[in-house]
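**Student:** One file is attached below, entry05.tsv, containing TSV, C-alpha atoms.
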```tsv
chain	number	residue	atom	x	y	z
A	1	THR	CA	108.58	116.99	103.09
A	2	GLY	CA	111.39	114.51	102.45
A	3	GLY	CA	115.02	113.91	103.27
A	4	CYS	CA	116.81	113.15	106.51
A	5	ASN	CA	119.80	115.49	106.52
A	6	GLY	CA	120.57	116.32	110.16
A	7	ALA	CA	118.57	113.36	111.55
A	8	ARG	CA	116.64	115.84	113.70
A	9	ILE	CA	113.90	113.26	114.11
A	10	ARG	CA	115.99	112.04	117.08
A	11	PHE	CA	115.22	115.25	119.00
A	12	PRO	CA	112.21	117.28	120.10
A	13	PRO	CA	110.05	118.67	118.63
A	14	LEU	CA	110.06	116.21	115.69
A	15	LYS	CA	110.40	113.03	117.73
A	16	ASP	CA	107.38	114.04	119.86
A	17	LEU	CA	104.96	114.63	116.98
A	18	PRO	CA	101.98	112.24	117.14
A	19	GLU	CA	102.65	110.94	113.62
A	20	ASN	CA	106.20	109.93	114.66
A	21	LYS	CA	105.05	107.82	117.58
A	22	GLY	CA	106.91	104.50	117.65
A	23	LEU	CA	109.84	105.62	115.52
A	24	ASP	CA	112.06	105.57	118.60
A	25	LEU	CA	111.81	101.76	118.36
A	26	ALA	CA	113.34	101.87	114.89
A	27	LEU	CA	116.14	104.11	116.13
A	28	GLU	CA	116.88	101.59	118.88
A	29	VAL	CA	117.38	98.92	116.20
A	30	LEU	CA	119.93	101.17	114.47
A	31	SER	CA	121.86	102.06	117.64
A	32	PRO	CA	124.09	98.92	117.71
A	33	ILE	CA	124.98	99.47	114.05
A	34	LYS	CA	125.91	103.07	114.80
A	35	ALA	CA	128.06	101.89	117.70
A	36	HIS	CA	129.85	99.39	115.46
A	37	TYR	CA	130.36	101.92	112.63
A	38	PRO	CA	130.73	105.25	114.47
A	39	THR	CA	131.84	107.20	111.39
A	40	ILE	CA	128.49	106.82	109.64
A	41	SER	CA	126.05	109.59	110.44
A	42	TYR	CA	122.68	108.81	111.94
A	43	ALA	CA	121.15	110.66	108.98
A	44	ASP	CA	122.76	108.28	106.49
A	45	LEU	CA	122.02	105.28	108.70
A	46	ILE	CA	118.31	106.10	108.93
A	47	VAL	CA	118.01	106.41	105.16
A	48	LEU	CA	120.14	103.32	104.54
A	49	GLY	CA	118.15	101.33	107.10
A	50	GLY	CA	114.85	102.38	105.56
A	51	THR	CA	116.10	101.62	102.06
A	52	THR	CA	117.34	98.19	103.13
A	53	ALA	CA	113.96	97.50	104.76
A	54	VAL	CA	111.92	98.32	101.66
A	55	GLU	CA	114.34	96.30	99.52
A	56	ALA	CA	113.76	93.33	101.80
A	57	ALA	CA	110.01	93.98	101.53
A	58	GLY	CA	110.16	93.46	97.78
A	59	SER	CA	111.12	96.71	96.11
A	60	GLY	CA	114.23	95.39	94.38
A	61	ARG	CA	117.55	97.23	94.49
A	62	ILE	CA	117.43	100.96	95.30
A	63	ARG	CA	120.43	103.24	94.95
A	64	PHE	CA	121.77	104.87	98.11
A	65	CYS	CA	123.48	108.27	98.12
A	66	GLY	CA	125.40	108.95	101.33
A	67	GLY	CA	127.09	112.01	102.76
A	68	ARG	CA	124.49	113.40	105.17
A	69	ALA	CA	125.53	115.09	108.40
A	70	ASP	CA	123.98	114.97	111.89
A	71	ALA	CA	122.57	117.91	113.79
A	72	THR	CA	123.31	118.08	117.52
A	73	SER	CA	119.80	119.16	118.53
A	74	GLY	CA	116.39	120.06	117.17
A	75	SER	CA	116.49	123.59	118.55
A	76	HIS	CA	116.21	125.30	115.15
A	77	VAL	CA	113.30	123.23	113.90
A	78	HIS	CA	110.00	125.04	113.36
A	79	VAL	CA	106.91	122.84	113.25
A	80	PRO	CA	104.09	124.74	111.54
A	81	ALA	CA	100.49	124.28	112.58
A	82	PRO	CA	98.76	121.40	110.77
A	83	ARG	CA	97.12	122.42	107.51
A	84	GLN	CA	93.43	121.58	107.74
A	85	TRP	CA	91.24	120.75	104.75
A	86	SER	CA	87.57	119.90	104.41
A	87	ASN	CA	88.14	116.33	103.22
A	88	GLU	CA	90.82	113.68	102.86
A	89	VAL	CA	91.27	114.12	99.10
A	90	LEU	CA	92.22	117.77	99.50
A	91	GLN	CA	94.47	116.83	102.43
A	92	VAL	CA	96.35	114.29	100.30
A	93	ARG	CA	96.60	116.67	97.34
A	94	ASP	CA	98.10	119.31	99.63
A	95	ARG	CA	100.59	116.80	101.03
A	96	MET	CA	101.62	115.82	97.51
A	97	LYS	CA	102.46	119.45	96.75
A	98	LEU	CA	104.42	119.89	99.97
A	99	MET	CA	106.44	116.75	99.24
A	100	ASN	CA	106.89	117.66	95.54
A	101	LEU	CA	105.46	114.31	94.46
A	102	SER	CA	103.67	113.64	91.21
A	103	ALA	CA	100.46	111.62	91.24
A	104	ARG	CA	102.33	108.50	90.08
A	105	GLU	CA	105.00	108.93	92.73
A	106	TYR	CA	102.47	109.43	95.52
A	107	VAL	CA	100.43	106.37	94.54
A	108	ALA	CA	103.55	104.20	94.30
A	109	LEU	CA	104.66	105.28	97.78
A	110	ALA	CA	101.14	104.59	99.08
A	111	ALA	CA	101.92	100.88	98.63
A	112	ARG	CA	104.80	101.10	101.10
A	113	PRO	CA	105.11	98.38	103.75
A	114	ARG	CA	103.09	98.93	106.91
A	115	SER	CA	103.81	97.57	110.36
A	116	PRO	CA	100.69	96.38	112.21
A	117	THR	CA	102.48	97.18	115.49
A	118	LEU	CA	103.21	100.74	114.40
A	119	GLN	CA	99.65	101.26	113.13
A	120	ARG	CA	98.34	100.24	116.55
A	121	LEU	CA	100.80	102.58	118.28
A	122	LEU	CA	99.39	105.36	116.12
A	123	GLY	CA	95.89	104.51	117.33
A	124	TYR	CA	94.52	102.41	114.47
A	125	SER	CA	93.18	98.86	114.67
A	126	GLY	CA	95.60	97.27	112.21
A	127	THR	CA	96.49	97.13	108.54
A	128	TRP	CA	95.04	95.89	105.26
A	129	GLY	CA	96.15	92.29	105.80
A	130	PRO	CA	99.02	89.87	106.45
A	131	GLN	CA	100.91	91.10	103.38
A	132	SER	CA	101.05	94.67	104.66
A	133	VAL	CA	104.69	94.22	105.67
A	134	ASN	CA	105.55	93.76	101.98
A	135	LEU	CA	105.64	96.08	99.01
A	136	THR	CA	103.05	94.42	96.80
A	137	ALA	CA	100.47	95.29	94.17
A	138	ASN	CA	98.01	93.28	96.26
A	139	TYR	CA	97.66	96.41	98.38
A	140	PHE	CA	95.72	98.03	95.53
A	141	VAL	CA	93.87	94.80	94.77
A	142	THR	CA	92.62	94.85	98.37
A	143	LEU	CA	91.65	98.54	98.27
A	144	PHE	CA	89.51	98.04	95.16
A	145	GLY	CA	88.38	94.49	95.85
A	146	GLU	CA	86.73	95.11	99.24
A	147	SER	CA	83.76	97.14	100.36
A	148	TRP	CA	84.60	99.42	103.28
A	149	GLU	CA	82.55	100.61	106.22
A	150	LYS	CA	83.46	103.64	108.30
A	151	VAL	CA	84.26	102.81	111.93
A	152	GLN	CA	86.24	104.19	114.87
A	153	SER	CA	89.28	102.60	116.42
A	154	ALA	CA	89.55	102.03	120.16
A	155	ALA	CA	91.60	105.23	120.27
A	156	GLY	CA	88.77	107.16	118.61
A	157	LEU	CA	90.35	107.54	115.17
A	158	THR	CA	88.31	107.27	111.99
A	159	GLU	CA	89.20	104.23	109.91
A	160	TYR	CA	87.54	101.82	107.48
A	161	LYS	CA	86.94	98.11	107.98
A	162	ALA	CA	86.50	95.59	105.17
A	163	VAL	CA	82.88	94.42	105.21
A	164	GLY	CA	82.65	90.82	106.35
A	165	LYS	CA	86.36	90.57	107.11
A	166	GLU	CA	88.06	90.47	110.48
A	167	GLY	CA	91.25	92.40	111.07
A	168	VAL	CA	91.32	94.21	107.71
A	169	PHE	CA	91.51	97.98	108.17
A	170	VAL	CA	92.64	101.01	106.19
A	171	THR	CA	92.84	104.70	107.01
A	172	PRO	CA	90.86	107.42	105.23
A	173	GLU	CA	94.10	108.59	103.60
A	174	GLU	CA	94.61	105.15	102.07
A	175	LEU	CA	91.16	105.19	100.46
A	176	VAL	CA	91.89	108.48	98.71
A	177	VAL	CA	93.40	106.47	95.83
A	178	VAL	CA	89.92	104.95	95.41
A	179	TRP	CA	88.00	108.21	95.77
A	180	ASP	CA	90.19	110.43	93.54
A	181	GLY	CA	89.75	109.70	89.84
A	182	GLU	CA	93.33	110.42	88.74
A	183	LEU	CA	94.91	108.50	91.59
A	184	GLN	CA	92.43	105.66	91.07
A	185	ALA	CA	93.50	105.16	87.45
A	186	ILE	CA	97.16	105.02	88.44
A	187	ALA	CA	96.49	102.61	91.30
A	188	LEU	CA	94.58	100.28	88.99
A	189	SER	CA	97.51	100.24	86.57
A	190	TYR	CA	99.89	99.33	89.41
A	191	ALA	CA	97.48	96.65	90.64
A	192	SER	CA	98.00	94.72	87.42
A	193	ASP	CA	101.67	95.58	86.86
A	194	PRO	CA	103.92	94.89	89.89
A	195	VAL	CA	107.03	95.62	87.82
A	196	ALA	CA	105.80	99.15	87.06
A	197	LEU	CA	104.92	99.61	90.73
A	198	ASN	CA	108.39	98.59	91.89
A	199	ARG	CA	110.11	100.86	89.37
A	200	ALA	CA	107.93	103.82	90.30
A	201	PHE	CA	108.35	103.12	94.02
A	202	ALA	CA	112.15	102.96	93.75
A	203	PHE	CA	112.25	106.28	91.90
A	204	ALA	CA	109.84	108.04	94.27
A	205	TRP	CA	111.58	106.66	97.38
A	206	THR	CA	114.98	107.83	96.13
A	207	LYS	CA	113.58	111.25	95.24
A	208	LEU	CA	112.06	111.66	98.69
A	209	MET	CA	115.14	110.43	100.59
A	210	ASN	CA	117.37	112.84	98.65
A	211	ALA	CA	115.01	115.82	98.71
A	212	ASP	CA	117.26	117.87	101.01
A	213	ARG	CA	120.63	117.03	99.44
A	214	PHE	CA	121.09	120.53	98.07
A	215	LYS	CA	124.04	121.58	95.92
A	216	GLY	CA	123.84	125.26	95.20
A	217	PRO	CA	120.54	127.00	94.55
A	218	ALA	CA	119.11	124.37	92.21
A	219	GLY	CA	121.45	121.36	92.19
A	220	SER	CA	121.51	118.11	94.13
A	221	GLU	CA	124.39	116.15	95.61
A	222	CYS	CA	122.54	113.02	94.50
A	223	ALA	CA	121.51	114.07	90.99
A	224	ALA	CA	123.11	110.94	89.51
A	225	GLU	CA	120.72	108.77	91.52
A	226	ARG	CA	117.66	110.21	89.77
A	227	ALA	CA	116.59	108.07	86.85
A	228	GLU	CA	113.01	108.51	85.70
A	229	PRO	CA	111.08	105.25	85.22
A	230	GLU	CA	109.72	104.76	81.74
A	231	TYR	CA	105.95	104.86	81.30
A	232	THR	CA	103.86	103.77	78.35
A	233	ASP	CA	100.31	104.76	77.41
A	234	ASP	CA	98.90	101.35	78.29
A	235	MET	CA	100.14	101.75	81.90
A	236	ASP	CA	97.82	104.69	82.57
A	237	GLY	CA	94.56	102.77	82.97
A	238	ALA	CA	92.97	106.13	82.24
A	239	ASP	CA	89.60	104.75	81.22
A	240	GLY	CA	88.76	104.20	84.90
A	241	GLY	CA	87.19	100.83	84.11
A	242	ASP	CA	89.12	97.62	83.75
A	243	GLY	CA	92.16	99.73	82.77
A	244	GLY	CA	94.41	96.69	82.67
A	245	SER	CA	93.58	96.13	86.30
A	246	GLY	CA	93.69	92.39	86.41
A	247	GLY	CA	89.92	91.91	86.56
A	248	ILE	CA	89.18	94.67	89.05
A	249	ARG	CA	86.28	96.94	88.22
A	250	VAL	CA	85.50	100.06	90.21
A	251	ALA	CA	82.01	101.36	90.78
A	252	ALA	CA	81.19	104.51	88.84
A	253	GLY	CA	82.73	107.66	90.24
A	254	GLY	CA	85.39	105.83	92.23
A	255	SER	CA	83.00	105.14	95.09
A	256	LYS	CA	83.91	103.36	98.28
A	257	GLY	CA	81.98	100.26	97.29
A	258	ALA	CA	84.45	98.65	94.89
A	259	ALA	CA	84.08	94.98	94.04
A	260	ALA	CA	86.44	92.45	92.49
A	261	GLU	CA	85.18	90.34	89.62
```
As structure tokens - that is how I would like this structure written.
**Tutor:**
Amino acid sequence: TGGCNGARIRFPPLKDLPENKGLDLALEVLSPIKAHYPTISYADLIVLGGTTAVEAAGSGRIRFCGGRADATSGSHVHVPAPRQWSNEVLQVRDRMKLMNLSAREYVALAARPRSPTLQRLLGYSGTWGPQSVNLTANYFVTLFGESWEKVQSAAGLTEYKAVGKEGVFVTPEELVVVWDGELQAIALSYASDPVALNRAFAFAWTKLMNADRFKGPAGSECAAERAEPEYTDDMDGADGGDGGSGGIRVAAGGSKGAAAE
């Protein structure tokens, strides 16, 4: 649901969740830095490391708000049972509510960099292409510009493969921005406006990283870091057609068979 205060992801039960598989490799990268700067908390270091990584991937400068503390164990963490929904769109909508993300914020974060190695550790066949390690509007161009066929990974997970392409895969969750009309319109606007994508991503990332920096019942220790990006009407792409999408047209109803023109 956001934040990293306590850095409890280092301990069971969080570190052993299937969706966190492979994150121990990232923590190993941070360990020498922690040893060299022992006064920084792991919680701050994880957020700072992630922020530095997405900056290097193309996000531009993102503000960092420090001051997190480390827990000594994960003994007080309660992991609720997974919430099950009848389809991926409902699943994503539920996750958006849990994470307190608007539609624009969720779609911007959907373009986050993806590690092919991590995707394979999670049981998938790969990512959407060689640029997946970058934050780029080409992520949305690929989603809408390819036709996708439903397949299973070697690990038995459902995924989608680009028709006629080798090594180009996305998860069902990723295609929700194609299937959901509201998310589709936002994604199309980002596809043609990388500057808007970067601004929205920086805001949403900062909001998520600081989600647990509470100050009193309603305040935040990092309130000064929140600066809403400016949106204009022509960024909405609400017509669901070209929508300023750089020549991308989506089949009626946001179907899976989108084609680039």
**Student:** Considering all atoms listed in the file, state which residue in the set A:Leu197, A:Ala185, A:Leu175, A:Val107 is at the smallest distance from Asn87 (chain A).
**Tutor:**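 Of A:Leu197, A:Ala185, A:Leu175, A:Val107, the one nearest Asn87 (chain A) is A:Leu175, counting all atoms listed in the file.
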**Student:** Kindly give the distance, in Å, that separates CA of Gly129 (chain A) and CA of Pro172 (chain A), rounded to a single decimal.
**Tutor:**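 Between these atoms lies a distance of 16.0 Å.
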**Student:** Could you please determine the separation between CA of Thr51 (chain A) and CA of Cys222 (chain A) in Å, to one decimal place?
**Tutor:**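 Going from CA of Thr51 (chain A) over to CA of Cys222 (chain A) covers 15.1 Å.
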**Student:** Might you pull out every residue within 6 Å of region 153-162 of chain A, with all atoms listed in the file counted and same-chain residues fewer than 2 positions away left off, and present them as a PyMOL selection string?
**Tutor:** chain A and resi 123-125+146-151+165+168-172
**Student:** What gap, in Å, lies between CA of Asp70 (chain A) and CA of Ala7 (chain A)?
**Tutor:** 5.7 Å
**Student:** With only C-alpha atoms as the basis for distance, which of A:Trp128, A:Ala43, A:Lys207, A:Ile62 is at the shortest distance from Glu166 (chain A)?
**Tutor:**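 Going through A:Trp128, A:Ala43, A:Lys207, A:Ile62 one by one, the smallest distance to Glu166 (chain A) is for A:Trp128.
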**Student:** Skipping near chain neighbours, those fewer than 4 positions away, what residues fall within 9 Å of Cys4 (chain A) using all atoms listed in the file, listed as a PyMOL selection string?
**Tutor:** chain A and resi 8-9+43-44+46-47+68+209-213
**Student:** How would region 124-144 of chain A look with N, CA and C atoms restored, written as an mmCIF file, in the frame of the given file?
**Tutor:**
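After the write, selection.cif holds the following:
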```
data_model
loop_
_atom_site.group_PDB
_atom_site.id
_atom_site.type_symbol
_atom_site.label_atom_id
_atom_site.label_comp_id
_atom_site.auth_asym_id
_atom_site.auth_seq_id
_atom_site.Cartn_x
_atom_site.Cartn_y
_atom_site.Cartn_z
ATOM 1 N N TYR A 124 95.409 103.125 115.385
ATOM 2 C CA TYR A 124 94.520 102.410 114.470
ATOM 3 C C TYR A 124 94.403 100.941 114.882
ATOM 4 N N SER A 125 93.463 100.231 114.254
ATOM 5 C CA SER A 125 93.180 98.860 114.670
ATOM 6 C C SER A 125 94.082 97.829 113.993
ATOM 7 N N GLY A 126 94.753 98.217 112.923
ATOM 8 C CA GLY A 126 95.600 97.270 112.210
ATOM 9 C C GLY A 126 95.910 97.752 110.819
ATOM 10 N N THR A 127 96.135 96.800 109.917
ATOM 11 C CA THR A 127 96.490 97.130 108.540
ATOM 12 C C THR A 127 95.578 96.376 107.579
ATOM 13 N N TRP A 128 95.918 96.459 106.284
ATOM 14 C CA TRP A 128 95.040 95.890 105.260
ATOM 15 C C TRP A 128 95.164 94.375 105.122
ATOM 16 N N GLY A 129 96.066 93.745 105.853
ATOM 17 C CA GLY A 129 96.150 92.290 105.800
ATOM 18 C C GLY A 129 97.537 91.784 106.115
ATOM 19 N N PRO A 130 97.724 90.468 106.095
ATOM 20 C CA PRO A 130 99.020 89.870 106.450
ATOM 21 C C PRO A 130 100.165 90.302 105.545
ATOM 22 N N GLN A 131 99.869 90.692 104.313
ATOM 23 C CA GLN A 131 100.910 91.100 103.380
ATOM 24 C C GLN A 131 101.325 92.558 103.544
ATOM 25 N N SER A 132 100.781 93.233 104.526
ATOM 26 C CA SER A 132 101.050 94.670 104.660
ATOM 27 C C SER A 132 102.504 94.978 104.947
ATOM 28 N N VAL A 133 103.271 93.992 105.407
ATOM 29 C CA VAL A 133 104.690 94.220 105.670
ATOM 30 C C VAL A 133 105.512 94.143 104.390
ATOM 31 N N ASN A 134 104.863 93.852 103.271
ATOM 32 C CA ASN A 134 105.550 93.760 101.980
ATOM 33 C C ASN A 134 105.150 94.906 101.075
ATOM 34 N N LEU A 135 106.009 95.188 100.099
ATOM 35 C CA LEU A 135 105.640 96.080 99.010
ATOM 36 C C LEU A 135 105.030 95.205 97.925
ATOM 37 N N THR A 136 103.741 95.312 97.713
ATOM 38 C CA THR A 136 103.050 94.420 96.800
ATOM 39 C C THR A 136 101.873 95.111 96.145
ATOM 40 N N ALA A 137 101.633 94.764 94.879
ATOM 41 C CA ALA A 137 100.470 95.290 94.170
ATOM 42 C C ALA A 137 99.170 94.805 94.772
ATOM 43 N N ASN A 138 99.219 93.767 95.599
ATOM 44 C CA ASN A 138 98.010 93.280 96.260
ATOM 45 C C ASN A 138 97.403 94.312 97.206
ATOM 46 N N TYR A 139 98.207 95.304 97.593
ATOM 47 C CA TYR A 139 97.660 96.410 98.380
ATOM 48 C C TYR A 139 96.522 97.083 97.621
ATOM 49 N N PHE A 140 96.749 97.379 96.337
ATOM 50 C CA PHE A 140 95.720 98.030 95.530
ATOM 51 C C PHE A 140 94.587 97.073 95.209
ATOM 52 N N VAL A 141 94.915 95.803 94.995
ATOM 53 C CA VAL A 141 93.870 94.800 94.770
ATOM 54 C C VAL A 141 92.908 94.769 95.954
ATOM 55 N N THR A 142 93.448 94.850 97.166
ATOM 56 C CA THR A 142 92.620 94.850 98.370
ATOM 57 C C THR A 142 91.783 96.122 98.458
ATOM 58 N N LEU A 143 92.384 97.273 98.197
ATOM 59 C CA LEU A 143 91.650 98.540 98.270
ATOM 60 C C LEU A 143 90.427 98.526 97.368
ATOM 61 N N PHE A 144 90.604 98.018 96.131
ATOM 62 C CA PHE A 144 89.510 98.040 95.160
ATOM 63 C C PHE A 144 88.625 96.803 95.244
#
```
